[in-house]
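Undergrad: Have a look at the structure that comes next, please.
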Amino acid sequence: MGKTYIDTVKYMVKANFEVDGIIEKPDIVGALFGQTEGLLGDDLDFRELQKNGRLGRIEVDTQVKGGKTFGQIYVPSSLDMVETSILAASLEIVDRVGPCEARIIVEKIEDSRSVKRKQLLERARSLLKNLVVEELPETKQLTELVRDELKVAEVSTYGEDKLSCGPMLVQSDSIIVVEGRADVINLLKNGIKNVVAVGGANVGKTIAKLCNEKEVTVFLDGDRGGDIILKELMAVSDIEYVARAPAGKEVEELARKEIIQCLRKRIPTEQATGKKSNDEQQQQPRQMGGGDRGDRFPQRRPEMSRPPVMQRPMAQRQPPVMESQPRMVMRREERREEPVESQQQFPSGVSISDNPPVLLSTLKELEGSLKARLLGSGFEVVAEVPIRDIMKALTETDNVKAVVLDGIVTQRLVDLCEQKKAEYLVGVRAGTIMRKPTGTKIIVAE
């Protein structure tokens, strides 16, 4: 006979049965033991498990109606989750009880520890309430408790993916995208309410649509996971700015002062994806006449009479120093690809015979505007849009001969220009270009 109880019940298997005849409770138990014997080996045999105290007594509730017997079966288990699931599934193979046909369906496997957790939480809340009321805490402490609870209560959900967000998400024209719910709570506690969480490395339709409708600043942790999420977001939506927590820190850990500093130091996405690591910069020679430029944004050279020069290969060029550069080392090590061969560049204000002068004059007109122009077959202006809308505008426009932008030439833009058969792509400088286009000439001015 099996043990009547076991020391620790982790799971309770609950199953419903129906038998085409009138039977007794022992008939059900006997059918379970008999028809599962040898099915799962000695380690998961019902009798052996009860002898070893891994299964408790099988309880059966029955009722007879219309010549049939209905009821429930309860099997207490101290096995792990997987083994308990296998045993539960084995109950459903029992198709006869004595001479009568039977059908057993497992309703659910209940974690008995979850009941204990609920009881524990309820008791903890009761104790905390008594502590707050009876111990009469200082006014400041009580105020902070109420304020923190209010901040957490402001966390709501958005869209079909039920993304955690702040109360001002829908009303705001610009939003801050963070990684998880804990980041949202921390920003709410510090007064930032136009925030939404991605909710994991897999970017869903809700966040992609939201990012395409609003101006987006992605605020990421200072670790490898932040790089992965940024890559996923850029693949499905338009991102304007990127802010990063200090290296080794997470957004949920930051104090208010650190959060404000990080958001003030946000940079355009093109620069975030085009920057290089400090280690790479230290190994590269400085460009002649460049000096110690530690500024964030590229500076154009004012010389008007310097002859055209050939651009150095991408692996030897020294880009402006960016923050959070150590994270880019891992990304570049993963690629293990050789940079593209050098493209021709020219200083601002110099007319180059090999390139149509209208390209240089257009770039000078756009200086400082952060805009881009699409030029037609006769170099007439087809469209002028903000840089952040260049990909969308170029996708929707045909017969574009040249693209001129007051910004950085990225690999995505190069690929799209090549796809649209544009002959020229002109920008302030080039980001990390891993593949050289065959039909598009890249011209950069620094």
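Chain identifiers are assigned as A, B, and so on, following the order in which chains appear in the structure tokens; residues are numbered from 1 within each chain, and ligands are numbered from 1 in order of appearance.
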Which parts of stretch 110-249 of chain A does DSSP call strand (DSSP E) when run on the backbone here, written out as a list in words?

TA: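 DSSP on the backbone gives strand (DSSP E) at Glu110, Asp111, Ser156, Thr157, Tyr158, Leu163, Ser164, Cys165, Ser174, Ile175, Ile176, Val177, Val178, Val195, Val196, Ala197, Glu215, Val216, Thr217, Val218, Phe219, Leu220, Tyr241, Val242, Ala243 and Arg244 of chain A.
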
Undergrad: Find the residues near stretch 399-411 of chain A: any atom within 6 Å, counting only C-alpha atoms, skip ones fewer than 4 places away on the same chain, and give them as a list in words.

TA: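 Near stretch 399-411 of chain A, the qualifying residues are Leu366, Glu367, Leu370, Lys371, Ala372, Arg373, Leu374, Leu375, Gly376, Ser377, Ala422, Glu423, Tyr424, Leu425, Val426, Gly427, Val428, Arg429, Ala430, Gly431 and Ile433 of chain A.
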
Undergrad: Please dump the current selection as a compact mmCIF listing (two decimals), in the first residue's frame; keep N, CA, C and O atoms.

TA:
# COMPACT_ATOMS: atom_id res chain seq x y z
N LEU A 366 23.43 73.15 -47.81
CA LEU A 366 22.80 72.38 -46.73
C LEU A 366 23.58 72.44 -45.43
O LEU A 366 23.14 71.89 -44.41
N GLU A 367 24.73 73.09 -45.41
CA GLU A 367 25.60 73.10 -44.24
C GLU A 367 24.85 73.60 -42.99
O GLU A 367 24.28 74.68 -42.97
N LEU A 370 21.06 69.97 -41.28
CA LEU A 370 20.67 68.59 -40.96
C LEU A 370 19.55 68.11 -41.88
O LEU A 370 18.62 67.43 -41.47
N LYS A 371 19.67 68.48 -43.17
CA LYS A 371 18.69 68.06 -44.18
C LYS A 371 19.39 67.35 -45.32
O LYS A 371 20.62 67.34 -45.41
N ALA A 372 18.59 66.76 -46.19
CA ALA A 372 19.11 66.05 -47.36
C ALA A 372 18.29 66.43 -48.59
O ALA A 372 17.10 66.73 -48.48
N ARG A 373 18.94 66.41 -49.76
CA ARG A 373 18.25 66.69 -51.02
C ARG A 373 18.43 65.52 -51.96
O ARG A 373 19.50 64.91 -52.05
N LEU A 374 17.35 65.22 -52.68
CA LEU A 374 17.37 64.23 -53.75
C LEU A 374 17.38 64.98 -55.07
O LEU A 374 16.51 65.81 -55.32
N LEU A 375 18.37 64.71 -55.92
CA LEU A 375 18.52 65.41 -57.19
C LEU A 375 18.16 64.48 -58.34
O LEU A 375 18.52 63.30 -58.34
N GLY A 376 17.47 65.06 -59.35
CA GLY A 376 17.04 64.27 -60.50
C GLY A 376 18.11 64.15 -61.56
O GLY A 376 19.29 64.48 -61.35
N SER A 377 17.71 63.69 -62.75
CA SER A 377 18.67 63.42 -63.82
C SER A 377 19.41 64.66 -64.26
O SER A 377 20.55 64.59 -64.73
N ALA A 422 21.19 55.34 -57.85
CA ALA A 422 21.70 56.70 -57.78
C ALA A 422 23.19 56.69 -58.09
O ALA A 422 23.93 55.83 -57.62
N GLU A 423 23.66 57.69 -58.90
CA GLU A 423 25.05 57.71 -59.33
C GLU A 423 25.97 58.31 -58.27
O GLU A 423 27.15 57.95 -58.20
N TYR A 424 25.46 59.26 -57.47
CA TYR A 424 26.30 59.95 -56.49
C TYR A 424 25.64 59.93 -55.12
O TYR A 424 24.43 60.08 -55.01
N LEU A 425 26.49 59.81 -54.09
CA LEU A 425 26.05 59.92 -52.70
C LEU A 425 27.06 60.82 -51.99
O LEU A 425 28.24 60.47 -51.85
N VAL A 426 26.61 62.02 -51.55
CA VAL A 426 27.51 63.04 -51.03
C VAL A 426 27.11 63.34 -49.59
O VAL A 426 25.93 63.55 -49.28
N GLY A 427 28.10 63.37 -48.68
CA GLY A 427 27.81 63.66 -47.28
C GLY A 427 28.99 64.33 -46.60
O GLY A 427 30.05 64.54 -47.21
N VAL A 428 28.81 64.64 -45.31
CA VAL A 428 29.85 65.31 -44.54
C VAL A 428 31.02 64.36 -44.30
O VAL A 428 32.18 64.71 -44.48
N ARG A 429 30.70 63.13 -43.89
CA ARG A 429 31.73 62.11 -43.71
C ARG A 429 31.08 60.74 -43.81
O ARG A 429 29.86 60.62 -43.85
N ALA A 430 31.93 59.70 -43.85
CA ALA A 430 31.43 58.34 -43.98
C ALA A 430 31.51 57.62 -42.66
O ALA A 430 32.47 57.78 -41.90
N GLY A 431 30.47 56.84 -42.37
CA GLY A 431 30.50 55.97 -41.20
C GLY A 431 31.24 54.68 -41.52
O GLY A 431 32.08 54.64 -42.43
N ILE A 433 31.56 51.68 -43.40
CA ILE A 433 31.02 51.10 -44.64
C ILE A 433 31.78 49.82 -44.92
O ILE A 433 32.96 49.83 -45.25

Undergrad: Can you list, as a VMD selection string, every protein, DNA or RNA residue that comes within 12 Å of stretch 42-58 of chain A when you count only C-alpha atoms, leaving out same-chain residues fewer than 2 positions away?

TA: chain A and resid 1 to 15 25 to 26 28 to 40 60 to 61 72 to 80 82 to 88 90 to 91

Undergrad: With a distance cut-off of 9 Å and only C-alpha atoms, select the neighbouring residues of A:Ala243, excluding the residue or stretch itself and same-chain residues fewer than 2 positions from it, and output the selection as a list of chain:residue names.

TA: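 Neighbouring residues, sequence-local ones excluded: A:Thr217, A:Val218, A:Phe219, A:Leu220, A:Asp221, A:Tyr241, A:Ala245, A:Cys262, A:Leu263, A:Arg264, A:Lys265, A:Arg266, A:Ile267, A:Ala272.
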
Undergrad: Work out how far apart atom CA of A:Asp398 and atom CA of A:Pro386 are and give it in Å to one decimal.

TA: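 Taking atom CA of A:Asp398 as the start and atom CA of A:Pro386 as the end point, the length is 18.3 Å.
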
Undergrad: Any idea what the distance is between atom CA of A:Gly222 and atom CA of A:Val177?

TA: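 Distance between the two atoms: 14.6 Å.
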
Undergrad: If you count only C-alpha atoms, which residues fall within 12 Å of stretch 181-195 of chain A, apart from same-chain ones fewer than 4 positions away, as a PyMOL selection string?

TA: chain A and resi 144-158+162-177+199-200+207+210-211+214-221+245+249-260+263
